[in-house]
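Asker: Below you will find the structure I want to go over with you.
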Amino acid sequence: MTDNSYNEIIELLCDRLSSLADSEVSITAETNLISELSIDSVKLLNLIMEIEDAFDISIPINALADVQTVHELASLISKIKSAS
Amino acid sequence: MNLLEKLDAAAAARKAMLPEGVGAFGIPIEEVYTATEARIGNRRVLLLGTNNYLGLTFSPECIQAAHKALDEEGTGTTGSRMANGSYHGHRALEREFADFYGCGSGIVFTTGYQANLGTISGLVGRGDTVLIDGDSHASIFDGCILSGAEIIRFKHNDMADMEKRLRRLGDRTETTLIIVEGIYSMLGDQAPLADIVELKNKYRCTLLLDEAHSLGVLGETGQGLVEKTGLQKEVDFITGTFSKSLCSIGGFCVSNHPQLDQLRYVSHPYIFTASPSPATIASTRAALQLLREGSHLRKQLWENCTQLYNRLAEIGYQLGPEPGPVIAAILDSPKQALQIWQRLLEKNIYVNLILPPAAPDGKSLVRCSVNAAHTTEQMTYVGDSFAKLYHEVLQS
């Protein structure tokens with residue numbers, strides 16, 4: 001994984017999450033997707049599908065169980081992307 | 001937050017959605033009169049919230065068969081087939097299902113939920129992939145989780161999205177199980193099976209079709225979507241439930257792959273559970289016979305489905321894309337759905353209320369399940385009631 005691709009993913013995630021989140025929370029890599037952002041599961045799944053298309057990957061649903069923060073989601077995407 | 005506080009939080013979330021005293025989920029049914037009527041509280045209600053598609057719950061043949069089995073074989077088997085043995089009825093019903101689908105073999109499970117859990121977790125495991133529809137039933141999802149396989153979801157009935165995900169899997173498609181449903185339980189729409197089979201063959205995957213809601217409903221003899229589309233030879237595994245058109249409880253899997261029998265030795269949901277009771281098996285066998293011969297029941301069911309679907313569409317309700325025994329009015333908010341559900345109950349009509357996150361895309365549903373025993377007059381009354389509520393609730 002290159003630092004650039006990770007940063008690119010973080011940037012995209014923060015951008016998309018800020019447009020979906022109800023609150024005015026400033027989104028960083030350490031932001032908790034569930035407890036800090038008021039994003040319901042439907043919106044989150046739609047976001048995942050959008051991200052999947054942006055990077056031409058499929059994220060297994062079971063891998064998402066371990067994801068809590070923006071950083072963890074970005075790392076997962078990066079890992080899948082580099083394996084594909 | 002400790003374990004019990006987590007449950008308190010879940011209860012609070014539920015209460016926030018449903019006002020105190022509104023028992024929309026798990027509503028107490030005091031007495032059941034017929035396949036279409038029951039008593040809820042002090043009301044004699046019209047049942048449109050069951051999956052009794054062929055209306056066979058009070059069929060004399062099924063009741064008689066169950067009585068006979070109770071008298072002759074007792075109330076239960078008291079254990080699993082692996083440990084305690086398989087009764088004649090279990091083996092006979094498996095042969096009858098295999099024969100019905102023209103398959104080499106069949107396995108009976110104790111519930112429909114376990115049929116999916118047991119089949120999926122027996123077929124795939126760690127290192128394999130399951131590709132499932134976004135609107136899949138919880139039994140499919142839970143079976144996938146139990147299996148340990150990677151779960152990839154494609155957009156509901158979207159073949160372009162499905163192919164995109166197959167392409168991304170590369171050479172892993174050969175260890176991929178695609179799982180789709182004949183009729184989806186939320187909106188009542190059917191899977192585009194011909195397109196799915198084409199992709200399955202192109203990418204050399206294995207295909208499992210769950211006919212839970214389509215068994216008895218689709219196809220000349222009621223096999224389901226597989227018969228309606230003539231694709232029996234293209235589907236690797238078919239699962240289904242006894243708890244809808246067959247009016248009992250249990251589930252099955254049939255296949256032409258001889259390896260199906262091996263599931264009996266690797267599938268925990270099959271091995272570690274008590275087998276279906278003799279009465280359950282006997283009534284299911286009788287119901288399967290009636291289902292196979294029940295083209296008149298399917299004709300009546302489809303007349304009822306079409307009548308109600310067309311009426312609700314004409315009124316202006318947003319519905320699923322095609323008529324079927326599951327007809328869901330799609331509402332924008334839980335409040336609207338709850339109001340319509342409550343007002344229907346006041347008019348002595350019982351339907352299902354489905355709120356987010358159970359309903360797709362964050363919508364709320366008021367879902368009707370139509371059956372062959374409903375009369376034209378009953379369908380007209382339901383349509384008229386929905387029409388009044390459309391004006392009173394949605395246009396007020």
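Residues in the structure tokens are named by chain (A, B, ... in the order shown) and by number from 1 within that chain; ligands are numbered from 1 in the order shown.
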Please identify every residue of chain B that has at least one atom no more than 10 Å from any atom of chain A, counting only C-alpha atoms, and report them as a ChimeraX atom specification.

Answerer: /B:129-131,134,141,144-145,148-155,161,164-170,356-357,359-363

Asker: With a distance cut-off of 8 Å and only C-alpha atoms, select the neighbouring residues of B:Leu260, excluding the residue or stretch itself and same-chain residues fewer than 6 positions from it, and output the selection as a PyMOL selection string.

Answerer: chain B and resi 105-107+254

Asker: Restricted to N, CA, C and O atoms, what would the selected residues look like written as a PDB file, in the first residue's frame?

Answerer:
```pdb
ATOM      1  N   SER B 105     -31.508 -36.164  -4.999  1.00  0.00           N
ATOM      2  CA  SER B 105     -31.725 -36.358  -3.564  1.00  0.00           C
ATOM      3  C   SER B 105     -32.220 -35.089  -2.874  1.00  0.00           C
ATOM      4  O   SER B 105     -32.166 -33.996  -3.459  1.00  0.00           O
ATOM      5  N   GLY B 106     -32.668 -35.299  -1.662  1.00  0.00           N
ATOM      6  CA  GLY B 106     -33.176 -34.173  -0.869  1.00  0.00           C
ATOM      7  C   GLY B 106     -32.875 -34.380   0.602  1.00  0.00           C
ATOM      8  O   GLY B 106     -32.678 -35.513   1.042  1.00  0.00           O
ATOM      9  N   ILE B 107     -32.809 -33.295   1.319  1.00  0.00           N
ATOM     10  CA  ILE B 107     -32.630 -33.354   2.778  1.00  0.00           C
ATOM     11  C   ILE B 107     -33.706 -32.492   3.425  1.00  0.00           C
ATOM     12  O   ILE B 107     -33.990 -31.394   2.948  1.00  0.00           O
ATOM     13  N   VAL B 254     -32.854 -29.651  -2.110  1.00  0.00           N
ATOM     14  CA  VAL B 254     -32.765 -30.715  -3.124  1.00  0.00           C
ATOM     15  C   VAL B 254     -31.663 -30.349  -4.109  1.00  0.00           C
ATOM     16  O   VAL B 254     -31.348 -29.174  -4.312  1.00  0.00           O
TER      17      VAL B 254
END
```

Asker: For B:Glu72, which residue among B:Ser277, B:Gly118, B:Val266, B:Ala10 is the nearest when counting only C-alpha atoms?

Answerer: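 The shortest atom-to-atom distance to B:Glu72 comes from B:Ser277.
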
Asker: In Å, how far is it from atom CA of B:Val108 to atom CA of B:Thr173?

Answerer: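 So the answer is 28.5 Å.
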
Asker: May I have the residues within 12 Å of B:Ile63 as a PDB file with all heavy atoms, in the first residue's frame, using only C-alpha atoms and disregarding those fewer than 2 positions away in the same chain?

Answerer:
```
ATOM      1  N   LEU B  56     -53.994 -23.592   3.017  1.00  0.00           N
ATOM      2  CA  LEU B  56     -54.179 -24.997   3.384  1.00  0.00           C
ATOM      3  C   LEU B  56     -54.104 -25.278   4.893  1.00  0.00           C
ATOM      4  O   LEU B  56     -54.091 -26.444   5.290  1.00  0.00           O
ATOM      5  CB  LEU B  56     -53.111 -25.860   2.680  1.00  0.00           C
ATOM      6  CG  LEU B  56     -53.201 -25.945   1.147  1.00  0.00           C
ATOM      7  CD1 LEU B  56     -52.024 -26.746   0.591  1.00  0.00           C
ATOM      8  CD2 LEU B  56     -54.517 -26.590   0.725  1.00  0.00           C
ATOM      9  N   THR B  57     -54.077 -24.234   5.733  1.00  0.00           N
ATOM     10  CA  THR B  57     -53.880 -24.490   7.171  1.00  0.00           C
ATOM     11  C   THR B  57     -54.963 -25.370   7.792  1.00  0.00           C
ATOM     12  O   THR B  57     -54.711 -26.046   8.775  1.00  0.00           O
ATOM     13  CB  THR B  57     -53.803 -23.173   7.985  1.00  0.00           C
ATOM     14  OG1 THR B  57     -54.761 -22.273   7.479  1.00  0.00           O
ATOM     15  CG2 THR B  57     -52.428 -22.557   7.930  1.00  0.00           C
ATOM     16  N   PHE B  58     -56.166 -25.334   7.235  1.00  0.00           N
ATOM     17  CA  PHE B  58     -57.247 -26.163   7.785  1.00  0.00           C
ATOM     18  C   PHE B  58     -57.642 -27.280   6.820  1.00  0.00           C
ATOM     19  O   PHE B  58     -58.746 -27.812   6.899  1.00  0.00           O
ATOM     20  CB  PHE B  58     -58.463 -25.296   8.142  1.00  0.00           C
ATOM     21  CG  PHE B  58     -58.271 -24.493   9.393  1.00  0.00           C
ATOM     22  CD1 PHE B  58     -57.654 -23.253   9.363  1.00  0.00           C
ATOM     23  CD2 PHE B  58     -58.677 -24.997  10.620  1.00  0.00           C
ATOM     24  CE1 PHE B  58     -57.453 -22.513  10.516  1.00  0.00           C
ATOM     25  CE2 PHE B  58     -58.488 -24.266  11.789  1.00  0.00           C
ATOM     26  CZ  PHE B  58     -57.863 -23.018  11.740  1.00  0.00           C
ATOM     27  N   SER B  59     -56.753 -27.623   5.923  1.00  0.00           N
ATOM     28  CA  SER B  59     -57.076 -28.681   4.956  1.00  0.00           C
ATOM     29  C   SER B  59     -57.332 -29.998   5.704  1.00  0.00           C
ATOM     30  O   SER B  59     -56.497 -30.445   6.501  1.00  0.00           O
ATOM     31  CB  SER B  59     -55.900 -28.838   3.992  1.00  0.00           C
ATOM     32  OG  SER B  59     -55.610 -30.181   3.809  1.00  0.00           O
ATOM     33  N   PRO B  60     -58.479 -30.644   5.482  1.00  0.00           N
ATOM     34  CA  PRO B  60     -58.793 -31.890   6.204  1.00  0.00           C
ATOM     35  C   PRO B  60     -57.741 -32.970   5.958  1.00  0.00           C
ATOM     36  O   PRO B  60     -57.410 -33.729   6.877  1.00  0.00           O
ATOM     37  CB  PRO B  60     -60.142 -32.326   5.602  1.00  0.00           C
ATOM     38  CG  PRO B  60     -60.704 -31.111   4.944  1.00  0.00           C
ATOM     39  CD  PRO B  60     -59.546 -30.234   4.561  1.00  0.00           C
ATOM     40  N   GLU B  61     -57.176 -33.021   4.756  1.00  0.00           N
ATOM     41  CA  GLU B  61     -56.168 -34.053   4.455  1.00  0.00           C
ATOM     42  C   GLU B  61     -54.941 -33.895   5.362  1.00  0.00           C
ATOM     43  O   GLU B  61     -54.399 -34.874   5.877  1.00  0.00           O
ATOM     44  CB  GLU B  61     -55.719 -33.955   2.988  1.00  0.00           C
ATOM     45  CG  GLU B  61     -56.779 -34.328   1.965  1.00  0.00           C
ATOM     46  CD  GLU B  61     -57.602 -33.139   1.480  1.00  0.00           C
ATOM     47  OE1 GLU B  61     -57.739 -32.157   2.258  1.00  0.00           O
ATOM     48  OE2 GLU B  61     -58.110 -33.182   0.358  1.00  0.00           O
ATOM     49  N   ALA B  65     -53.835 -36.413   8.438  1.00  0.00           N
ATOM     50  CA  ALA B  65     -52.507 -37.041   8.380  1.00  0.00           C
ATOM     51  C   ALA B  65     -51.732 -36.764   9.669  1.00  0.00           C
ATOM     52  O   ALA B  65     -51.068 -37.646  10.210  1.00  0.00           O
ATOM     53  CB  ALA B  65     -51.735 -36.516   7.172  1.00  0.00           C
ATOM     54  N   ALA B  66     -51.839 -35.520  10.161  1.00  0.00           N
ATOM     55  CA  ALA B  66     -51.133 -35.162  11.398  1.00  0.00           C
ATOM     56  C   ALA B  66     -51.692 -35.940  12.585  1.00  0.00           C
ATOM     57  O   ALA B  66     -50.946 -36.463  13.421  1.00  0.00           O
ATOM     58  CB  ALA B  66     -51.229 -33.657  11.640  1.00  0.00           C
ATOM     59  N   HIS B  67     -53.032 -36.044  12.666  1.00  0.00           N
ATOM     60  CA  HIS B  67     -53.670 -36.807  13.748  1.00  0.00           C
ATOM     61  C   HIS B  67     -53.198 -38.262  13.756  1.00  0.00           C
ATOM     62  O   HIS B  67     -52.842 -38.808  14.794  1.00  0.00           O
ATOM     63  CB  HIS B  67     -55.200 -36.810  13.565  1.00  0.00           C
ATOM     64  CG  HIS B  67     -55.861 -35.569  14.085  1.00  0.00           C
ATOM     65  ND1 HIS B  67     -57.157 -35.238  13.778  1.00  0.00           N
ATOM     66  CD2 HIS B  67     -55.412 -34.586  14.888  1.00  0.00           C
ATOM     67  CE1 HIS B  67     -57.477 -34.089  14.368  1.00  0.00           C
ATOM     68  NE2 HIS B  67     -56.414 -33.680  15.045  1.00  0.00           N
ATOM     69  N   LYS B  68     -53.174 -38.833  12.572  1.00  0.00           N
ATOM     70  CA  LYS B  68     -52.794 -40.259  12.451  1.00  0.00           C
ATOM     71  C   LYS B  68     -51.339 -40.448  12.934  1.00  0.00           C
ATOM     72  O   LYS B  68     -51.042 -41.380  13.679  1.00  0.00           O
ATOM     73  CB  LYS B  68     -52.947 -40.684  10.976  1.00  0.00           C
ATOM     74  CG  LYS B  68     -52.739 -42.153  10.705  1.00  0.00           C
ATOM     75  CD  LYS B  68     -53.240 -42.490   9.288  1.00  0.00           C
ATOM     76  CE  LYS B  68     -53.092 -43.969   8.973  1.00  0.00           C
ATOM     77  NZ  LYS B  68     -51.722 -44.384   8.745  1.00  0.00           N
ATOM     78  N   ALA B  69     -50.468 -39.554  12.519  1.00  0.00           N
ATOM     79  CA  ALA B  69     -49.058 -39.659  12.919  1.00  0.00           C
ATOM     80  C   ALA B  69     -48.904 -39.484  14.429  1.00  0.00           C
ATOM     81  O   ALA B  69     -48.114 -40.177  15.067  1.00  0.00           O
ATOM     82  CB  ALA B  69     -48.229 -38.613  12.178  1.00  0.00           C
ATOM     83  N   LEU B  70     -49.688 -38.558  14.992  1.00  0.00           N
ATOM     84  CA  LEU B  70     -49.648 -38.356  16.452  1.00  0.00           C
ATOM     85  C   LEU B  70     -50.048 -39.646  17.175  1.00  0.00           C
ATOM     86  O   LEU B  70     -49.370 -40.085  18.099  1.00  0.00           O
ATOM     87  CB  LEU B  70     -50.628 -37.252  16.846  1.00  0.00           C
ATOM     88  CG  LEU B  70     -50.098 -35.834  17.019  1.00  0.00           C
ATOM     89  CD1 LEU B  70     -51.257 -34.881  17.271  1.00  0.00           C
ATOM     90  CD2 LEU B  70     -49.095 -35.745  18.146  1.00  0.00           C
ATOM     91  N   CYS B 247     -47.785 -24.935   5.061  1.00  0.00           N
ATOM     92  CA  CYS B 247     -48.557 -24.762   6.299  1.00  0.00           C
ATOM     93  C   CYS B 247     -48.096 -25.588   7.492  1.00  0.00           C
ATOM     94  O   CYS B 247     -48.931 -25.995   8.321  1.00  0.00           O
ATOM     95  CB  CYS B 247     -50.032 -25.070   6.054  1.00  0.00           C
ATOM     96  SG  CYS B 247     -50.743 -23.995   4.844  1.00  0.00           S
ATOM     97  N   SER B 248     -46.806 -25.878   7.585  1.00  0.00           N
ATOM     98  CA  SER B 248     -46.345 -26.538   8.818  1.00  0.00           C
ATOM     99  C   SER B 248     -45.051 -25.850   9.246  1.00  0.00           C
ATOM    100  O   SER B 248     -44.990 -24.624   9.232  1.00  0.00           O
ATOM    101  CB  SER B 248     -46.152 -28.042   8.592  1.00  0.00           C
ATOM    102  OG  SER B 248     -45.147 -28.271   7.626  1.00  0.00           O
ATOM    103  N   ALA B 279     -45.995 -35.634  13.350  1.00  0.00           N
ATOM    104  CA  ALA B 279     -47.208 -34.939  12.878  1.00  0.00           C
ATOM    105  C   ALA B 279     -46.840 -33.857  11.864  1.00  0.00           C
ATOM    106  O   ALA B 279     -47.562 -33.657  10.872  1.00  0.00           O
ATOM    107  CB  ALA B 279     -47.948 -34.332  14.066  1.00  0.00           C
ATOM    108  N   THR B 280     -45.747 -33.172  12.117  1.00  0.00           N
ATOM    109  CA  THR B 280     -45.300 -32.120  11.196  1.00  0.00           C
ATOM    110  C   THR B 280     -44.960 -32.730   9.830  1.00  0.00           C
ATOM    111  O   THR B 280     -45.363 -32.210   8.787  1.00  0.00           O
ATOM    112  CB  THR B 280     -44.051 -31.412  11.777  1.00  0.00           C
ATOM    113  OG1 THR B 280     -44.451 -30.749  12.964  1.00  0.00           O
ATOM    114  CG2 THR B 280     -43.473 -30.408  10.812  1.00  0.00           C
ATOM    115  N   ILE B 281     -44.217 -33.816   9.865  1.00  0.00           N
ATOM    116  CA  ILE B 281     -43.829 -34.471   8.610  1.00  0.00           C
ATOM    117  C   ILE B 281     -45.072 -34.982   7.869  1.00  0.00           C
ATOM    118  O   ILE B 281     -45.212 -34.806   6.657  1.00  0.00           O
ATOM    119  CB  ILE B 281     -42.859 -35.650   8.899  1.00  0.00           C
ATOM    120  CG1 ILE B 281     -41.524 -35.105   9.395  1.00  0.00           C
ATOM    121  CG2 ILE B 281     -42.674 -36.525   7.659  1.00  0.00           C
ATOM    122  CD1 ILE B 281     -40.663 -34.411   8.364  1.00  0.00           C
ATOM    123  N   ALA B 282     -45.995 -35.562   8.604  1.00  0.00           N
ATOM    124  CA  ALA B 282     -47.188 -36.137   7.961  1.00  0.00           C
ATOM    125  C   ALA B 282     -48.034 -35.040   7.320  1.00  0.00           C
ATOM    126  O   ALA B 282     -48.503 -35.206   6.180  1.00  0.00           O
ATOM    127  CB  ALA B 282     -48.005 -36.902   8.995  1.00  0.00           C
ATOM    128  N   SER B 283     -48.244 -33.938   8.016  1.00  0.00           N
ATOM    129  CA  SER B 283     -49.073 -32.879   7.415  1.00  0.00           C
ATOM    130  C   SER B 283     -48.342 -32.243   6.233  1.00  0.00           C
ATOM    131  O   SER B 283     -48.959 -31.869   5.240  1.00  0.00           O
ATOM    132  CB  SER B 283     -49.487 -31.829   8.453  1.00  0.00           C
ATOM    133  OG  SER B 283     -48.435 -30.956   8.724  1.00  0.00           O
ATOM    134  N   THR B 284     -47.016 -32.171   6.314  1.00  0.00           N
ATOM    135  CA  THR B 284     -46.255 -31.608   5.201  1.00  0.00           C
ATOM    136  C   THR B 284     -46.361 -32.502   3.970  1.00  0.00           C
ATOM    137  O   THR B 284     -46.496 -32.009   2.841  1.00  0.00           O
ATOM    138  CB  THR B 284     -44.767 -31.429   5.593  1.00  0.00           C
ATOM    139  OG1 THR B 284     -44.687 -30.672   6.794  1.00  0.00           O
ATOM    140  CG2 THR B 284     -43.988 -30.711   4.504  1.00  0.00           C
ATOM    141  N   ARG B 285     -46.292 -33.799   4.185  1.00  0.00           N
ATOM    142  CA  ARG B 285     -46.409 -34.728   3.036  1.00  0.00           C
ATOM    143  C   ARG B 285     -47.781 -34.593   2.374  1.00  0.00           C
ATOM    144  O   ARG B 285     -47.892 -34.561   1.149  1.00  0.00           O
ATOM    145  CB  ARG B 285     -46.192 -36.172   3.498  1.00  0.00           C
ATOM    146  CG  ARG B 285     -44.769 -36.456   3.948  1.00  0.00           C
ATOM    147  CD  ARG B 285     -44.604 -37.900   4.386  1.00  0.00           C
ATOM    148  NE  ARG B 285     -44.781 -38.815   3.239  1.00  0.00           N
ATOM    149  CZ  ARG B 285     -44.920 -40.121   3.370  1.00  0.00           C
ATOM    150  NH1 ARG B 285     -44.931 -40.690   4.575  1.00  0.00           N
ATOM    151  NH2 ARG B 285     -45.059 -40.884   2.303  1.00  0.00           N
ATOM    152  N   ALA B 286     -48.804 -34.466   3.203  1.00  0.00           N
ATOM    153  CA  ALA B 286     -50.157 -34.310   2.647  1.00  0.00           C
ATOM    154  C   ALA B 286     -50.260 -32.974   1.903  1.00  0.00           C
ATOM    155  O   ALA B 286     -50.836 -32.893   0.802  1.00  0.00           O
ATOM    156  CB  ALA B 286     -51.191 -34.381   3.768  1.00  0.00           C
ATOM    157  N   ALA B 287     -49.666 -31.930   2.488  1.00  0.00           N
ATOM    158  CA  ALA B 287     -49.739 -30.601   1.852  1.00  0.00           C
ATOM    159  C   ALA B 287     -48.944 -30.578   0.543  1.00  0.00           C
ATOM    160  O   ALA B 287     -49.360 -29.939  -0.430  1.00  0.00           O
ATOM    161  CB  ALA B 287     -49.200 -29.540   2.817  1.00  0.00           C
TER     162      ALA B 287
END
```

Asker: Excluding A:Leu12 and any residue of its chain fewer than 4 positions from it, enumerate the residues within 10 Å of it, using only C-alpha atoms, and give them as a count of residues only.

Answerer: 8

Asker: Would you mind listing what lies within 10 Å of A:Ser26 as a ChimeraX atom specification, with only C-alpha atoms counted and same-chain residues fewer than 5 positions away left out?

Answerer: /A:14,18,31,36-37

Asker: Store the residues of this selection in a file with all heavy atoms, as an mmCIF file, in the first residue's frame.

Answerer:
```
data_model
loop_
_atom_site.group_PDB
_atom_site.id
_atom_site.type_symbol
_atom_site.label_atom_id
_atom_site.label_comp_id
_atom_site.auth_asym_id
_atom_site.auth_seq_id
_atom_site.Cartn_x
_atom_site.Cartn_y
_atom_site.Cartn_z
ATOM 1 N N CYS A 14 -13.565 11.016 3.988
ATOM 2 C CA CYS A 14 -13.931 12.193 4.790
ATOM 3 C C CYS A 14 -14.895 13.078 4.009
ATOM 4 O O CYS A 14 -15.889 13.584 4.554
ATOM 5 C CB CYS A 14 -12.688 12.981 5.184
ATOM 6 S SG CYS A 14 -11.689 12.110 6.405
ATOM 7 N N SER A 18 -18.746 13.518 5.281
ATOM 8 C CA SER A 18 -19.217 14.832 5.756
ATOM 9 C C SER A 18 -20.505 15.226 5.043
ATOM 10 O O SER A 18 -21.353 15.911 5.609
ATOM 11 C CB SER A 18 -18.135 15.891 5.573
ATOM 12 O OG SER A 18 -17.794 15.974 4.208
ATOM 13 N N THR A 31 -12.149 9.408 13.514
ATOM 14 C CA THR A 31 -13.585 9.529 13.802
ATOM 15 C C THR A 31 -14.245 8.149 13.795
ATOM 16 O O THR A 31 -14.020 7.347 12.882
ATOM 17 C CB THR A 31 -14.275 10.425 12.746
ATOM 18 O OG1 THR A 31 -13.648 11.692 12.761
ATOM 19 C CG2 THR A 31 -15.759 10.574 13.028
ATOM 20 N N GLU A 36 -19.790 8.477 16.562
ATOM 21 C CA GLU A 36 -19.617 9.930 16.409
ATOM 22 C C GLU A 36 -20.444 10.527 15.273
ATOM 23 O O GLU A 36 -20.736 11.709 15.262
ATOM 24 C CB GLU A 36 -18.139 10.266 16.190
ATOM 25 C CG GLU A 36 -17.278 10.024 17.420
ATOM 26 C CD GLU A 36 -15.843 10.435 17.181
ATOM 27 O OE1 GLU A 36 -15.593 11.629 16.960
ATOM 28 O OE2 GLU A 36 -14.975 9.542 17.186
ATOM 29 N N LEU A 37 -20.761 9.701 14.283
ATOM 30 C CA LEU A 37 -21.552 10.221 13.154
ATOM 31 C C LEU A 37 -22.955 9.633 13.202
ATOM 32 O O LEU A 37 -23.126 8.458 13.492
ATOM 33 C CB LEU A 37 -20.894 9.845 11.817
ATOM 34 C CG LEU A 37 -19.441 10.282 11.627
ATOM 35 C CD1 LEU A 37 -18.923 9.788 10.289
ATOM 36 C CD2 LEU A 37 -19.329 11.795 11.697
#
```

Asker: Would you mind writing down, as a PyMOL selection string, each residue of chain A that DSSP on the backbone assigns to alpha helix (DSSP H)?

Answerer: chain A and resi 3-20+41-55+70-83

Asker: Only C-alpha atoms, please: the residues just picked out, written as a short mmCIF file (atom, residue, chain, number, x, y, z; two decimals), in the first residue's frame.

Answerer:
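The new file part.cif reads:
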```cif
data_model
loop_
_atom_site.label_atom_id
_atom_site.label_comp_id
_atom_site.auth_asym_id
_atom_site.auth_seq_id
_atom_site.Cartn_x
_atom_site.Cartn_y
_atom_site.Cartn_z
CA ASP A 3 0.97 6.33 1.39
CA ASN A 4 -0.66 8.19 -1.49
CA SER A 5 -3.38 5.59 -2.03
CA TYR A 6 -4.15 5.53 1.71
CA ASN A 7 -4.34 9.32 1.81
CA GLU A 8 -6.48 9.34 -1.30
CA ILE A 9 -8.90 6.90 0.36
CA ILE A 10 -9.00 8.91 3.60
CA GLU A 11 -9.70 12.08 1.63
CA LEU A 12 -12.53 10.46 -0.32
CA LEU A 13 -14.04 8.93 2.82
CA CYS A 14 -13.93 12.19 4.79
CA ASP A 15 -15.48 14.04 1.87
CA ARG A 16 -18.34 11.57 1.41
CA LEU A 17 -18.94 11.11 5.13
CA SER A 18 -19.22 14.83 5.76
CA SER A 19 -21.96 15.09 3.15
CA LEU A 20 -23.86 12.17 4.73
CA SER A 41 -26.82 1.43 8.41
CA VAL A 42 -28.61 1.98 5.07
CA LYS A 43 -26.65 5.14 4.32
CA LEU A 44 -23.44 3.43 5.37
CA LEU A 45 -24.07 0.45 3.07
CA ASN A 46 -24.83 2.81 0.18
CA LEU A 47 -21.61 4.67 0.91
CA ILE A 48 -19.70 1.37 0.89
CA MET A 49 -21.15 0.52 -2.53
CA GLU A 50 -20.11 3.92 -3.83
CA ILE A 51 -16.59 3.44 -2.47
CA GLU A 52 -16.44 -0.04 -3.98
CA ASP A 53 -17.18 1.39 -7.40
CA ALA A 54 -14.73 4.25 -6.97
CA PHE A 55 -11.90 1.76 -6.33
CA VAL A 70 -12.47 6.08 9.23
CA HIS A 71 -8.84 4.91 9.48
CA GLU A 72 -9.89 1.26 9.85
CA LEU A 73 -12.21 1.53 6.83
CA ALA A 74 -9.48 3.18 4.77
CA SER A 75 -6.99 0.48 5.77
CA LEU A 76 -9.44 -2.24 4.80
CA ILE A 77 -10.10 -0.64 1.41
CA SER A 78 -6.39 -0.18 0.86
CA LYS A 79 -5.67 -3.82 1.76
CA ILE A 80 -8.36 -5.15 -0.60
CA LYS A 81 -7.26 -2.80 -3.36
CA SER A 82 -3.64 -3.88 -3.14
CA ALA A 83 -4.66 -7.57 -3.16
#
```

Asker: What does the distance from atom CA of B:Ser333 to atom CA of B:Asp384 come to in Å, to one decimal?

Answerer: 22.2 Å

Asker: Do a neighbour search on B:Thr241 at 9 Å with only C-alpha atoms, toss out local chain neighbours closer than 5 positions, and write the hits as an mmCIF file with C-alpha atoms, in the first residue's frame.

Answerer:
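This went into part.cif:
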```cif
data_model
loop_
_atom_site.group_PDB
_atom_site.id
_atom_site.type_symbol
_atom_site.label_atom_id
_atom_site.label_comp_id
_atom_site.auth_asym_id
_atom_site.auth_seq_id
_atom_site.Cartn_x
_atom_site.Cartn_y
_atom_site.Cartn_z
ATOM 1 C CA PHE B 109 -34.363 -29.725 7.956
ATOM 2 C CA THR B 111 -37.038 -25.282 10.063
ATOM 3 C CA GLY B 112 -36.795 -23.270 6.878
ATOM 4 C CA TYR B 113 -34.290 -21.014 8.605
ATOM 5 C CA ALA B 115 -32.456 -25.257 5.715
ATOM 6 C CA ASP B 210 -34.313 -20.256 -2.138
ATOM 7 C CA GLU B 211 -37.929 -20.931 -3.112
ATOM 8 C CA ALA B 212 -39.341 -20.123 0.350
ATOM 9 C CA HIS B 213 -41.985 -17.677 -0.913
ATOM 10 C CA LEU B 215 -42.957 -22.739 -3.600
ATOM 11 C CA LEU B 246 -47.091 -26.122 3.061
ATOM 12 C CA SER B 248 -46.345 -26.538 8.818
ATOM 13 C CA ILE B 249 -42.745 -25.997 9.927
ATOM 14 C CA GLY B 250 -39.500 -27.282 8.456
ATOM 15 C CA GLY B 251 -37.346 -26.843 5.398
ATOM 16 C CA PHE B 252 -35.615 -28.733 2.614
#
```
